[in-house]
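Data from upload-v1.txt: compact mmCIF, C-alpha atoms and all ligand atoms
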```txt
# COMPACT_ATOMS: atom_id res chain seq x y z
CA MET A 925 -11.49 9.37 -21.75
CA LYS A 926 -9.74 5.98 -22.02
CA ALA A 927 -9.63 3.73 -18.98
CA ALA A 928 -8.49 0.21 -18.05
CA GLN A 929 -11.53 -1.60 -16.71
CA LEU A 930 -11.95 -4.94 -14.99
CA THR A 931 -14.56 -6.85 -17.01
CA LYS A 932 -14.19 -10.32 -15.42
CA TYR A 933 -13.13 -11.35 -11.91
CA GLY A 934 -11.01 -14.39 -11.08
CA ARG A 935 -7.67 -16.06 -11.71
CA ASN A 936 -8.13 -15.39 -15.43
CA PHE A 937 -9.43 -11.87 -14.90
CA ARG A 938 -9.97 -9.64 -17.91
CA ILE A 939 -9.00 -6.03 -18.39
CA GLY A 940 -10.55 -4.01 -21.23
CA ILE A 941 -9.31 -0.64 -22.47
CA ASN A 942 -12.55 1.28 -22.93
CA SER A 943 -13.60 4.78 -24.00
CA LEU A 944 -15.84 6.32 -21.36
CA SER A 945 -17.59 9.62 -20.93
CA LEU A 946 -16.15 11.64 -18.06
CA PRO A 947 -17.91 11.02 -14.73
CA SER A 948 -19.45 14.14 -13.18
CA VAL A 949 -17.34 16.14 -10.71
CA GLY A 950 -19.09 16.38 -7.31
CA SER A 951 -18.99 19.59 -5.29
CA HIS A 952 -16.13 18.28 -3.08
CA ASP A 953 -14.31 16.50 -5.94
CA VAL A 954 -11.50 17.46 -8.27
CA GLN A 955 -10.82 16.13 -11.76
CA VAL A 956 -7.21 15.19 -12.38
CA LYS A 957 -5.35 14.53 -15.64
CA VAL A 958 -3.40 11.46 -14.59
CA ILE A 959 0.31 11.50 -15.48
CA TYR A 960 1.41 8.20 -13.89
CA ALA A 961 -0.45 5.55 -11.90
CA GLY A 962 1.28 3.09 -9.57
CA VAL A 963 0.50 -0.62 -10.03
CA ASN A 964 0.27 -2.53 -6.74
CA PRO A 965 -0.29 -6.12 -5.55
CA LEU A 966 -3.69 -4.77 -4.41
CA ASP A 967 -4.76 -4.32 -8.06
CA ASN A 968 -4.28 -8.05 -8.60
CA LEU A 969 -6.13 -8.90 -5.38
CA ILE A 970 -9.08 -6.80 -6.58
CA ALA A 971 -9.03 -8.36 -10.06
CA ARG A 972 -8.86 -11.89 -8.69
CA GLY A 973 -11.89 -11.20 -6.48
CA THR A 974 -10.02 -11.53 -3.16
CA MET A 975 -11.28 -8.13 -1.98
CA LYS A 976 -14.97 -8.78 -2.80
CA LEU A 977 -15.92 -9.11 0.86
CA LEU A 978 -14.46 -5.67 1.60
CA VAL A 979 -15.64 -3.93 -1.60
CA PRO A 980 -17.95 -5.66 -4.06
CA TYR A 981 -17.29 -3.68 -7.26
CA ARG A 982 -19.94 -3.77 -9.98
CA LEU A 983 -18.23 -4.55 -13.28
CA PRO A 984 -16.96 -3.01 -15.45
CA GLN A 985 -14.83 -1.24 -12.83
CA THR A 986 -12.08 1.24 -13.71
CA MET A 987 -8.96 -0.05 -11.97
CA GLY A 988 -6.08 1.73 -10.24
CA ASN A 989 -5.48 2.82 -6.65
CA GLU A 990 -2.93 5.64 -6.82
CA PHE A 991 -1.79 8.38 -9.19
CA VAL A 992 0.10 11.61 -9.71
CA GLY A 993 -1.45 14.19 -12.02
CA ARG A 994 -2.59 17.77 -12.56
CA ILE A 995 -5.94 19.22 -11.52
CA THR A 996 -8.10 20.17 -14.50
CA ARG A 997 -11.39 21.00 -12.69
CA VAL A 998 -12.48 21.67 -9.12
CA GLY A 999 -15.93 21.11 -7.60
CA ASP A 1000 -17.98 24.12 -6.41
CA ASP A 1001 -17.10 23.61 -2.72
CA VAL A 1002 -13.37 22.93 -3.14
CA GLN A 1003 -11.49 25.90 -1.66
CA ASN A 1004 -7.95 24.68 -1.10
CA PHE A 1005 -6.95 23.25 -4.52
CA HIS A 1006 -6.70 24.95 -7.90
CA VAL A 1007 -6.57 24.02 -11.58
CA GLY A 1008 -2.99 23.27 -12.71
CA GLU A 1009 -1.67 22.05 -9.34
CA ARG A 1010 0.32 18.80 -9.28
CA VAL A 1011 -1.28 16.42 -6.79
CA PHE A 1012 -1.11 12.76 -5.82
CA ALA A 1013 -3.34 10.36 -3.93
CA ARG A 1014 -4.33 6.88 -2.87
CA MET A 1015 -7.91 6.73 -4.21
CA PRO A 1016 -10.66 5.73 -1.74
CA LEU A 1017 -11.13 1.95 -2.04
CA ASP A 1018 -14.84 2.30 -2.85
CA ARG A 1019 -14.09 4.84 -5.62
CA ILE A 1020 -10.90 3.71 -7.32
CA GLY A 1021 -10.04 4.56 -10.95
CA ALA A 1022 -6.44 5.70 -11.41
CA PHE A 1023 -5.82 3.59 -14.56
CA ALA A 1024 -7.54 6.23 -16.65
CA GLU A 1025 -6.67 9.38 -18.54
CA ASP A 1026 -8.74 11.35 -16.02
CA ALA A 1027 -9.60 10.57 -12.40
CA ILE A 1028 -12.32 12.08 -10.21
CA ILE A 1029 -11.50 12.12 -6.50
CA ASN A 1030 -12.71 13.77 -3.30
CA SER A 1031 -10.38 16.65 -2.49
CA ALA A 1032 -9.90 15.31 1.07
CA ALA A 1033 -7.92 12.40 -0.42
CA ILE A 1034 -5.34 14.45 -2.37
CA THR A 1035 -2.33 16.55 -1.49
CA ARG A 1036 0.18 18.63 -3.45
CA VAL A 1037 3.37 16.88 -4.54
CA PRO A 1038 6.52 18.38 -3.00
CA GLU A 1039 8.74 19.94 -5.70
CA CYS A 1040 11.64 17.60 -4.88
CA PHE A 1041 9.84 14.55 -6.33
CA THR A 1042 9.70 13.80 -10.06
CA ASP A 1043 6.39 12.60 -11.48
CA GLU A 1044 7.69 9.00 -11.52
CA GLU A 1045 8.89 9.17 -7.91
CA ALA A 1046 5.61 10.74 -6.80
CA ALA A 1047 3.58 7.94 -8.39
CA THR A 1048 5.34 5.36 -6.21
CA ILE A 1049 4.49 7.09 -2.93
CA PRO A 1050 0.81 7.44 -1.96
CA LEU A 1051 -0.49 3.92 -1.27
CA THR A 1052 2.56 2.52 0.47
CA ALA A 1053 3.46 5.71 2.36
CA LEU A 1054 -0.09 5.88 3.75
CA THR A 1055 0.07 2.18 4.61
CA ALA A 1056 3.24 2.83 6.62
CA MET A 1057 1.73 5.83 8.42
CA GLN A 1058 -1.46 3.94 9.28
CA ALA A 1059 0.35 0.75 10.35
CA LEU A 1060 2.60 2.76 12.67
CA ASP A 1061 -0.44 4.63 14.05
CA LEU A 1062 -1.89 1.28 15.13
CA MET A 1063 1.24 0.58 17.17
CA ASP A 1064 2.63 2.08 20.29
CA VAL A 1065 5.53 3.73 18.45
CA GLU A 1066 8.20 5.30 20.65
CA PRO A 1067 11.75 6.27 19.70
CA GLY A 1068 14.17 3.47 20.52
CA LYS A 1069 11.73 0.62 19.88
CA THR A 1070 12.62 -2.07 17.35
CA LEU A 1071 10.45 -2.73 14.28
CA PHE A 1072 10.71 -5.85 12.12
CA ILE A 1073 9.31 -5.62 8.57
CA SER A 1074 8.96 -8.93 6.75
CA GLY A 1075 9.35 -8.58 2.97
CA GLY A 1076 10.53 -5.01 3.53
CA THR A 1077 12.55 -4.90 0.29
CA GLY A 1078 9.59 -3.99 -1.95
CA SER A 1079 7.49 -0.91 -2.60
CA PHE A 1080 6.04 -0.94 0.93
CA GLY A 1081 9.46 -1.13 2.59
CA ALA A 1082 10.72 1.74 0.42
CA MET A 1083 8.24 4.00 2.23
CA ALA A 1084 7.92 2.26 5.61
CA ILE A 1085 11.65 2.17 6.36
CA PRO A 1086 12.39 5.93 6.09
CA ILE A 1087 9.12 6.82 7.84
CA ALA A 1088 9.83 4.41 10.72
CA VAL A 1089 13.44 5.63 10.96
CA ALA A 1090 12.18 9.25 11.09
CA LYS A 1091 9.93 8.24 14.00
CA GLY A 1092 12.99 7.01 15.90
CA LEU A 1093 12.56 3.27 15.42
CA THR A 1094 15.36 0.77 14.86
CA VAL A 1095 14.34 -1.12 11.72
CA ILE A 1096 15.15 -4.74 10.84
CA VAL A 1097 14.05 -6.06 7.47
CA SER A 1098 13.80 -9.46 5.85
CA GLY A 1099 13.74 -9.60 2.07
CA SER A 1100 15.43 -10.02 -1.23
CA ALA A 1101 19.27 -9.76 -1.29
CA ARG A 1102 18.99 -7.90 -4.63
CA ASN A 1103 17.47 -4.94 -2.80
CA LYS A 1104 19.72 -5.08 0.27
CA ASP A 1105 21.83 -2.02 -0.61
CA THR A 1106 18.73 0.09 -1.30
CA VAL A 1107 17.16 -0.67 2.08
CA MET A 1108 20.43 -0.28 3.98
CA LYS A 1109 20.73 3.24 2.51
CA LEU A 1110 17.23 3.99 3.82
CA GLY A 1111 18.43 3.38 7.38
CA VAL A 1112 17.88 -0.34 8.06
CA SER A 1113 19.95 -1.56 11.03
CA ARG A 1114 19.91 -5.23 10.15
CA PHE A 1115 19.06 -7.07 6.94
CA ILE A 1116 18.01 -10.72 6.74
CA ASP A 1117 18.17 -12.46 3.35
CA TYR A 1118 14.99 -14.55 3.29
CA ARG A 1119 16.50 -17.13 0.95
CA LYS A 1120 19.49 -17.85 3.22
CA GLU A 1121 18.47 -17.03 6.79
CA ASP A 1122 15.48 -17.73 9.03
CA TYR A 1123 14.65 -14.59 11.00
CA SER A 1124 12.77 -16.63 13.61
CA GLN A 1125 16.10 -18.26 14.53
CA GLU A 1126 17.97 -14.94 14.52
CA LEU A 1127 15.62 -12.50 16.26
CA SER A 1128 13.82 -12.30 19.59
CA HIS A 1129 12.39 -9.66 21.92
CA ILE A 1130 11.28 -7.43 19.04
CA ASP A 1131 8.77 -4.69 20.01
CA LEU A 1132 6.82 -4.29 16.77
CA ALA A 1133 6.34 -6.10 13.47
CA ILE A 1134 4.67 -5.30 10.16
CA ASP A 1135 3.76 -8.44 8.24
CA THR A 1136 3.59 -8.22 4.43
CA LEU A 1137 3.66 -12.00 3.89
CA GLY A 1138 0.81 -13.64 5.83
CA GLY A 1139 0.39 -17.44 5.84
CA LYS A 1140 2.88 -19.40 7.93
CA GLU A 1141 5.07 -16.31 8.30
CA LEU A 1142 2.52 -14.74 10.65
CA GLU A 1143 3.16 -17.15 13.51
CA LYS A 1144 6.93 -16.92 12.97
CA GLN A 1145 6.70 -13.16 13.32
CA MET A 1146 4.58 -13.43 16.47
CA SER A 1147 7.21 -15.77 17.92
CA ILE A 1148 9.98 -13.13 17.69
CA LEU A 1149 7.97 -10.45 19.52
CA LYS A 1150 8.26 -9.47 23.16
CA PRO A 1151 5.25 -10.27 25.36
CA HIS A 1152 2.74 -7.41 24.74
CA GLY A 1153 4.46 -6.62 21.43
CA THR A 1154 2.32 -5.64 18.45
CA ILE A 1155 2.04 -7.04 14.95
CA VAL A 1156 0.14 -5.32 12.14
CA SER A 1157 -0.58 -7.56 9.17
CA LEU A 1158 -1.11 -6.19 5.68
CA ARG A 1159 -1.69 -9.66 4.31
CA ALA A 1160 -3.17 -12.10 6.83
CA MET A 1161 -6.72 -12.36 8.17
CA PRO A 1162 -9.04 -9.39 8.86
CA ASN A 1163 -10.41 -9.62 12.42
CA ALA A 1164 -13.37 -8.20 14.35
CA GLU A 1165 -11.35 -5.20 15.55
CA PHE A 1166 -10.60 -4.31 11.91
CA ALA A 1167 -14.31 -4.50 11.01
CA ARG A 1168 -15.16 -2.23 13.98
CA ARG A 1169 -12.41 0.27 13.09
CA GLU A 1170 -13.67 0.42 9.51
CA HIS A 1171 -17.37 0.68 10.59
CA MET A 1172 -18.25 -2.35 8.50
CA GLY A 1173 -21.33 -3.35 10.51
CA LYS A 1174 -22.16 -6.20 12.90
CA ALA A 1175 -22.48 -8.92 10.23
CA LYS A 1176 -18.93 -8.43 8.92
CA GLU A 1177 -17.61 -8.03 12.47
CA LEU A 1178 -19.00 -11.48 13.29
CA LEU A 1179 -17.76 -12.94 10.02
CA PHE A 1180 -14.21 -11.68 10.56
CA LYS A 1181 -14.31 -12.75 14.22
CA LEU A 1182 -14.97 -16.32 13.12
CA ALA A 1183 -12.48 -16.17 10.24
CA SER A 1184 -9.68 -14.84 12.45
CA ALA A 1185 -10.26 -17.17 15.44
CA GLN A 1186 -7.09 -19.17 14.72
CA VAL A 1187 -4.97 -16.02 14.33
CA GLU A 1188 -6.37 -14.56 17.56
CA ARG A 1189 -5.56 -17.84 19.39
CA MET A 1190 -2.01 -17.61 18.04
CA ALA A 1191 -1.70 -14.01 19.27
CA LYS A 1192 -2.89 -15.13 22.72
CA LYS A 1193 -0.34 -17.95 22.77
CA TYR A 1194 2.51 -15.46 22.19
CA HIS A 1195 0.90 -12.71 24.36
CA VAL A 1196 0.98 -10.22 21.50
CA HIS A 1197 -1.50 -7.77 19.99
CA TYR A 1198 -2.70 -8.57 16.47
CA HIS A 1199 -4.09 -5.97 14.05
CA PHE A 1200 -5.09 -6.23 10.41
CA MET A 1201 -5.27 -3.15 8.23
CA ASN A 1202 -6.25 -2.05 4.78
CA VAL A 1203 -4.92 1.33 3.75
CA ASP A 1204 -7.38 4.23 3.65
CA ALA A 1205 -7.22 7.35 1.47
CA ASN A 1206 -6.17 10.44 3.45
CA GLY A 1207 -4.81 13.63 1.88
CA GLN A 1208 -3.65 15.21 5.14
CA GLN A 1209 -1.77 12.10 6.24
CA LEU A 1210 -0.20 11.76 2.79
CA HIS A 1211 1.00 15.35 3.12
CA GLU A 1212 2.68 14.44 6.46
CA ALA A 1213 4.28 11.33 4.93
CA ALA A 1214 5.53 13.29 1.91
CA GLU A 1215 7.10 15.90 4.24
CA ILE A 1216 8.94 13.14 6.12
CA LEU A 1217 10.19 11.58 2.88
CA ALA A 1218 11.25 14.93 1.41
CA HIS A 1219 13.07 15.85 4.63
CA ALA A 1220 14.89 12.49 4.58
CA HIS A 1221 15.88 13.09 0.90
CA VAL A 1222 14.19 9.84 -0.15
CA HIS A 1223 13.98 9.32 -3.92
CA PRO A 1224 12.07 6.07 -4.41
CA LEU A 1225 12.96 3.79 -7.31
CA HIS A 1226 10.40 2.96 -9.92
CA GLY A 1227 10.39 -0.15 -12.07
CA ASP A 1228 9.29 -0.59 -15.69
CA VAL A 1229 6.80 1.87 -17.17
CA PHE A 1230 3.86 0.54 -19.23
CA SER A 1231 1.19 2.28 -21.33
CA LEU A 1232 -2.55 2.17 -20.55
CA ASN A 1233 -2.98 -0.42 -23.33
CA GLN A 1234 -0.47 -2.63 -21.46
CA THR A 1235 -2.32 -2.54 -18.12
CA LYS A 1236 -2.79 -6.33 -17.99
CA GLU A 1237 0.92 -6.89 -18.71
CA ALA A 1238 1.84 -4.42 -15.96
CA MET A 1239 -0.44 -6.22 -13.49
CA ASP A 1240 1.01 -9.60 -14.50
CA ARG A 1241 4.51 -8.21 -13.94
CA VAL A 1242 3.53 -7.16 -10.40
CA ALA A 1243 1.99 -10.58 -9.76
CA ARG A 1244 5.19 -12.36 -10.84
CA GLY A 1245 7.15 -10.34 -8.24
CA HIS A 1246 10.93 -9.95 -8.07
CA ASN A 1247 10.70 -6.32 -9.19
CA ARG A 1248 13.01 -3.49 -8.20
CA GLY A 1249 10.81 -0.45 -7.68
CA LYS A 1250 7.13 0.11 -8.34
CA ILE A 1251 5.71 -0.72 -11.77
CA LEU A 1252 4.03 2.35 -13.32
CA LEU A 1253 1.48 3.13 -16.02
CA LYS A 1254 2.13 6.29 -18.01
CA LEU A 1255 -1.15 8.04 -18.86
CA SER A 1256 -0.01 11.44 -20.17
CA GLU A 1257 3.01 13.78 -20.36
N1 LIG B 1301 -3.28 -4.19 3.56
C1 LIG B 1301 -2.79 -3.09 2.98
O1 LIG B 1301 -3.31 -1.99 3.19
C2 LIG B 1301 -1.58 -3.19 2.11
C3 LIG B 1301 -0.96 -2.02 1.64
C4 LIG B 1301 0.23 -2.14 0.90
C5 LIG B 1301 0.76 -3.41 0.64
N2 LIG B 1301 0.09 -4.51 1.09
C6 LIG B 1301 0.63 -5.87 0.85
O2 LIG B 1301 1.99 -5.90 1.26
C7 LIG B 1301 2.69 -6.83 0.44
C8 LIG B 1301 3.97 -6.17 -0.08
O3 LIG B 1301 3.63 -5.10 -0.96
P1 LIG B 1301 4.75 -4.42 -1.86
O4 LIG B 1301 4.06 -3.42 -2.71
O5 LIG B 1301 5.89 -4.00 -1.01
O6 LIG B 1301 5.20 -5.68 -2.77
P2 LIG B 1301 6.53 -5.86 -3.61
O7 LIG B 1301 6.99 -4.52 -4.11
O8 LIG B 1301 6.25 -6.95 -4.59
O9 LIG B 1301 7.63 -6.35 -2.54
C9 LIG B 1301 7.62 -7.58 -1.91
C10 LIG B 1301 9.04 -7.85 -1.40
O10 LIG B 1301 9.00 -8.99 -0.51
C11 LIG B 1301 10.08 -9.86 -0.87
N3 LIG B 1301 9.72 -11.23 -0.47
C12 LIG B 1301 9.03 -12.17 -1.16
N4 LIG B 1301 8.91 -13.29 -0.43
C13 LIG B 1301 9.54 -13.06 0.76
C14 LIG B 1301 9.75 -13.83 1.93
N5 LIG B 1301 9.30 -15.08 2.06
N6 LIG B 1301 10.43 -13.26 2.95
C15 LIG B 1301 10.90 -12.00 2.87
N7 LIG B 1301 10.74 -11.21 1.77
C16 LIG B 1301 10.05 -11.73 0.73
C17 LIG B 1301 10.20 -9.69 -2.37
O11 LIG B 1301 11.45 -10.17 -2.81
P3 LIG B 1301 11.63 -10.96 -4.24
O12 LIG B 1301 12.20 -9.93 -5.18
O13 LIG B 1301 12.60 -12.04 -3.96
O14 LIG B 1301 10.29 -11.45 -4.66
C18 LIG B 1301 10.03 -8.19 -2.51
O15 LIG B 1301 11.24 -7.50 -2.29
C19 LIG B 1301 1.71 -7.27 -0.65
O16 LIG B 1301 1.17 -8.51 -0.29
C20 LIG B 1301 0.62 -6.21 -0.62
O17 LIG B 1301 -0.65 -6.72 -1.04
C21 LIG B 1301 -1.06 -4.42 1.80
```
As structure tokens, the full file:
Amino acid sequence: MKAAQLTKYGRNFRIGINSLSLPSVGSHDVQVKVIYAGVNPLDNLIARGTMKLLVPYRLPQTMGNEFVGRITRVGDDVQNFHVGERVFARMPLDRIGAFAEDAIINSAAITRVPECFTDEEAATIPLTALTAMQALDLMDVEPGKTLFISGGTGSFGAMAIPIAVAKGLTVIVSGSARNKDTVMKLGVSRFIDYRKEDYSQELSHIDLAIDTLGGKELEKQMSILKPHGTIVSLRAMPNAEFARREHMGKAKELLFKLASAQVERMAKKYHVHYHFMNVDANGQQLHEAAEILAHAHVHPLHGDVFSLNQTKEAMDRVARGHNRGKILLKLSE
């Protein structure tokens, strides 16, 4: 099979298109003929080496975190999936490999794609829908509460907004004016154009926030929360609680405790709860998210479609930003 592999880490990372023999299919695994793979900011973080502390990949590493495809083989102990079924998944972070003609994945990480989604739509869903589900699980979500999503006009917002709305939250989003209409249609109550308005001057007493921006934006988001409000960051600093939740061991717990000391002090200053998260693979939870999205008649936009040979170009396009809809790789018909 052909696969896009990371052959050099760093700012000038290298991606090679290599011919590989098929990896073996474990007893709990399925083999999937990939139709489309979604390209995410995470792929660039991995390639640049930013994720090395969380997962030190040995190179060459087949890239790609999410796909839609059809099952071509099932492991001996897989009971609930069959050859020919259309499935999608966020691949487990320690076993990625969606930028390939074939992917091998534990069956616990996949779920069937609801009929209402095209292949392209399905490819945009797994990673960001699971991120939304897991971020909301970390919060005390109750109908009627208000959620602020910074940078909610991208691929993450496209999933997080309808899922949060379905859970009864009032959603406020900051982001790109170009995507305002799209997010308003998803149920956003208030939109803040990040180039013209400063949400920290406009908002206060917010219950919950999901941060996709990190940096200086983190403190601004803490400042708009109610006392005892909660912020989940997808972008800022991992902390000790994250290391414990992910069973990363005492050494990383201590490391992240030290690294996040400033963020934790900030959270104390504003009397808010700070969480960091990194999205996990989870077939059952993806099934629940897909049901919510199907019920809400969500049809996510996708951006430009690239071939496997153009993987580096697709990743560069994601890194440049300003896209409308998720960038996809097309692997097969
Ligand atoms: N930790 C995790 O598990 C996890 C999971 C999923 C995503 N993430 C992270 O979440 C972030 C967003 O992901 P995505 O896939 O949604 O990216 P995306 O599709 O590129 O969307 C980002 C959106 O944010 C907007 N934006 C840029 N700067 C902004 C600012 N200062 N204020 C408000 N909005 C701004 C962009 O608008 P423009 O068009 O103007 O650029 C764009 O609409 C990424 O950093 C990604 O790594 C983390």
message: Need the shell around Ala1090 (chain A): protein/DNA/RNA residues with any atom at most 10 Å away, counting all atoms listed in the file. Skip same-chain ones fewer than 5 positions apart. Format as a PyMOL selection string?
response: chain A and resi 1067+1084-1085+1111+1216-1217+1219-1220
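Residue nearest Ile959 (chain A) within the list A:Thr1042, A:Ser1184, A:Ser1147, A:Ser1098: A:Thr1042 [criterion: smallest interatomic distance, only C-alpha atoms].
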task: Have a look at A:Gly1092, A:Gly1081, A:Gly1138, A:Pro1224 and name the one nearest to Met1161 (chain A); count all atoms listed in the file.
output: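 The closest residue to Met1161 (chain A) is A:Gly1138.
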Sorted per-residue table, chain A near ligand LIG 1301 (chain B), closest atoms and distance, 7 Å, only C-alpha atoms and all ligand atoms, as a Markdown table:
```
| residue | atom | partner | partner_atom | distance |
| --- | --- | --- | --- | --- |
| A:Asn964 | CA | B:LIG1301 | O4 | 5.6 |
| A:Pro965 | CA | B:LIG1301 | O17 | 4.6 |
| A:Leu966 | CA | B:LIG1301 | O17 | 4.9 |
| A:Leu1051 | CA | B:LIG1301 | C4 | 6.5 |
| A:Thr1052 | CA | B:LIG1301 | C4 | 5.2 |
| A:Thr1055 | CA | B:LIG1301 | C3 | 5.2 |
| A:Ser1074 | CA | B:LIG1301 | C15 | 5.3 |
| A:Gly1075 | CA | B:LIG1301 | N7 | 3.2 |
| A:Gly1076 | CA | B:LIG1301 | O10 | 5.9 |
| A:Thr1077 | CA | B:LIG1301 | O15 | 3.9 |
| A:Gly1078 | CA | B:LIG1301 | O9 | 3.1 |
| A:Ser1079 | CA | B:LIG1301 | O5 | 3.8 |
| A:Phe1080 | CA | B:LIG1301 | O5 | 3.6 |
| A:Gly1081 | CA | B:LIG1301 | O5 | 5.8 |
| A:Ser1098 | CA | B:LIG1301 | C15 | 4.9 |
| A:Gly1099 | CA | B:LIG1301 | N7 | 3.4 |
| A:Ser1100 | CA | B:LIG1301 | O11 | 4.3 |
| A:Asn1103 | CA | B:LIG1301 | O15 | 6.8 |
| A:Tyr1118 | CA | B:LIG1301 | N6 | 4.8 |
| A:Thr1136 | CA | B:LIG1301 | O2 | 4.2 |
| A:Leu1137 | CA | B:LIG1301 | O16 | 6.0 |
| A:Leu1158 | CA | B:LIG1301 | N1 | 3.6 |
| A:Arg1159 | CA | B:LIG1301 | O16 | 5.5 |
| A:Met1201 | CA | B:LIG1301 | N1 | 5.2 |
| A:Asn1202 | CA | B:LIG1301 | O1 | 3.3 |
| A:Val1203 | CA | B:LIG1301 | O1 | 3.7 |
| A:Val1242 | CA | B:LIG1301 | O8 | 6.4 |
| A:Gly1245 | CA | B:LIG1301 | O14 | 4.9 |
| A:His1246 | CA | B:LIG1301 | O12 | 3.2 |
| A:Asn1247 | CA | B:LIG1301 | O12 | 5.6 |
| A:Gly1249 | CA | B:LIG1301 | O7 | 6.6 |
| A:Lys1250 | CA | B:LIG1301 | O7 | 6.3 |
```
Report as JSON lines the residues of region 1094-1196 of chain A within 12 Å of region 974-986 of chain A, each with its shortest atom pair and distance in Å (one decimal), using only C-alpha atoms, ordered by chain and increasing residue number.
```
{"residue": "A:Arg1159", "atom": "CA", "partner": "A:Thr974", "partner_atom": "CA", "distance": 11.3}
{"residue": "A:Met1161", "atom": "CA", "partner": "A:Thr974", "partner_atom": "CA", "distance": 11.8}
{"residue": "A:Pro1162", "atom": "CA", "partner": "A:Leu978", "partner_atom": "CA", "distance": 9.8}
{"residue": "A:Phe1166", "atom": "CA", "partner": "A:Leu978", "partner_atom": "CA", "distance": 11.1}
{"residue": "A:Ala1167", "atom": "CA", "partner": "A:Leu978", "partner_atom": "CA", "distance": 9.5}
{"residue": "A:Glu1170", "atom": "CA", "partner": "A:Leu978", "partner_atom": "CA", "distance": 10.0}
{"residue": "A:His1171", "atom": "CA", "partner": "A:Leu978", "partner_atom": "CA", "distance": 11.4}
{"residue": "A:Met1172", "atom": "CA", "partner": "A:Leu978", "partner_atom": "CA", "distance": 8.5}
{"residue": "A:Gly1173", "atom": "CA", "partner": "A:Leu978", "partner_atom": "CA", "distance": 11.5}
{"residue": "A:Ala1175", "atom": "CA", "partner": "A:Leu977", "partner_atom": "CA", "distance": 11.4}
{"residue": "A:Lys1176", "atom": "CA", "partner": "A:Leu977", "partner_atom": "CA", "distance": 8.6}
{"residue": "A:Glu1177", "atom": "CA", "partner": "A:Leu978", "partner_atom": "CA", "distance": 11.6}
{"residue": "A:Leu1179", "atom": "CA", "partner": "A:Leu977", "partner_atom": "CA", "distance": 10.1}
{"residue": "A:Phe1180", "atom": "CA", "partner": "A:Leu977", "partner_atom": "CA", "distance": 10.2}
```
query: Nearest to Arg1244 (chain A): which of A:Asn968, A:Lys1150, A:Asp1001, A:Ala1024 is it, counting all atoms listed in the file?
result: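 Distance minimum relative to Arg1244 (chain A) lands on A:Asn968.
With all atoms listed in the file as the atoms that count, the minimum distance from Phe1115 (chain A) to the choices A:Gln1003, A:Phe1072, A:Pro1086, A:Asn1233 is reached by A:Phe1072.
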task: Give as number ranges by chain each residue that has an atom at most 12 Å from (-6.8, 12.5, 1.4) in the file, counting only C-alpha atoms.
output: A: 952-954, 990, 1011-1017, 1029-1036, 1050-1051, 1054, 1203-1213
Now that the selection is made, can you save its residues with C-alpha atoms as a PDB file, in the frame of the given file?
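What follows is the written file result_19.pdb:
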```
ATOM      1  CA  HIS A 952     -16.130  18.280  -3.080  1.00  0.00           C
ATOM      2  CA  ASP A 953     -14.310  16.500  -5.940  1.00  0.00           C
ATOM      3  CA  VAL A 954     -11.500  17.460  -8.270  1.00  0.00           C
ATOM      4  CA  GLU A 990      -2.930   5.640  -6.820  1.00  0.00           C
ATOM      5  CA  VAL A1011      -1.280  16.420  -6.790  1.00  0.00           C
ATOM      6  CA  PHE A1012      -1.110  12.760  -5.820  1.00  0.00           C
ATOM      7  CA  ALA A1013      -3.340  10.360  -3.930  1.00  0.00           C
ATOM      8  CA  ARG A1014      -4.330   6.880  -2.870  1.00  0.00           C
ATOM      9  CA  MET A1015      -7.910   6.730  -4.210  1.00  0.00           C
ATOM     10  CA  PRO A1016     -10.660   5.730  -1.740  1.00  0.00           C
ATOM     11  CA  LEU A1017     -11.130   1.950  -2.040  1.00  0.00           C
ATOM     12  CA  ILE A1029     -11.500  12.120  -6.500  1.00  0.00           C
ATOM     13  CA  ASN A1030     -12.710  13.770  -3.300  1.00  0.00           C
ATOM     14  CA  SER A1031     -10.380  16.650  -2.490  1.00  0.00           C
ATOM     15  CA  ALA A1032      -9.900  15.310   1.070  1.00  0.00           C
ATOM     16  CA  ALA A1033      -7.920  12.400  -0.420  1.00  0.00           C
ATOM     17  CA  ILE A1034      -5.340  14.450  -2.370  1.00  0.00           C
ATOM     18  CA  THR A1035      -2.330  16.550  -1.490  1.00  0.00           C
ATOM     19  CA  ARG A1036       0.180  18.630  -3.450  1.00  0.00           C
ATOM     20  CA  PRO A1050       0.810   7.440  -1.960  1.00  0.00           C
ATOM     21  CA  LEU A1051      -0.490   3.920  -1.270  1.00  0.00           C
ATOM     22  CA  LEU A1054      -0.090   5.880   3.750  1.00  0.00           C
ATOM     23  CA  VAL A1203      -4.920   1.330   3.750  1.00  0.00           C
ATOM     24  CA  ASP A1204      -7.380   4.230   3.650  1.00  0.00           C
ATOM     25  CA  ALA A1205      -7.220   7.350   1.470  1.00  0.00           C
ATOM     26  CA  ASN A1206      -6.170  10.440   3.450  1.00  0.00           C
ATOM     27  CA  GLY A1207      -4.810  13.630   1.880  1.00  0.00           C
ATOM     28  CA  GLN A1208      -3.650  15.210   5.140  1.00  0.00           C
ATOM     29  CA  GLN A1209      -1.770  12.100   6.240  1.00  0.00           C
ATOM     30  CA  LEU A1210      -0.200  11.760   2.790  1.00  0.00           C
ATOM     31  CA  HIS A1211       1.000  15.350   3.120  1.00  0.00           C
ATOM     32  CA  GLU A1212       2.680  14.440   6.460  1.00  0.00           C
ATOM     33  CA  ALA A1213       4.280  11.330   4.930  1.00  0.00           C
TER      34      ALA A1213
END
```
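The two atoms in question, CA of Gly993 (chain A) and CA of Val1229 (chain A), are spaced 15.7 Å apart.
Taking CA of Asn989 (chain A) and CA of His1006 (chain A) as the two end points, the separation is 22.2 Å.
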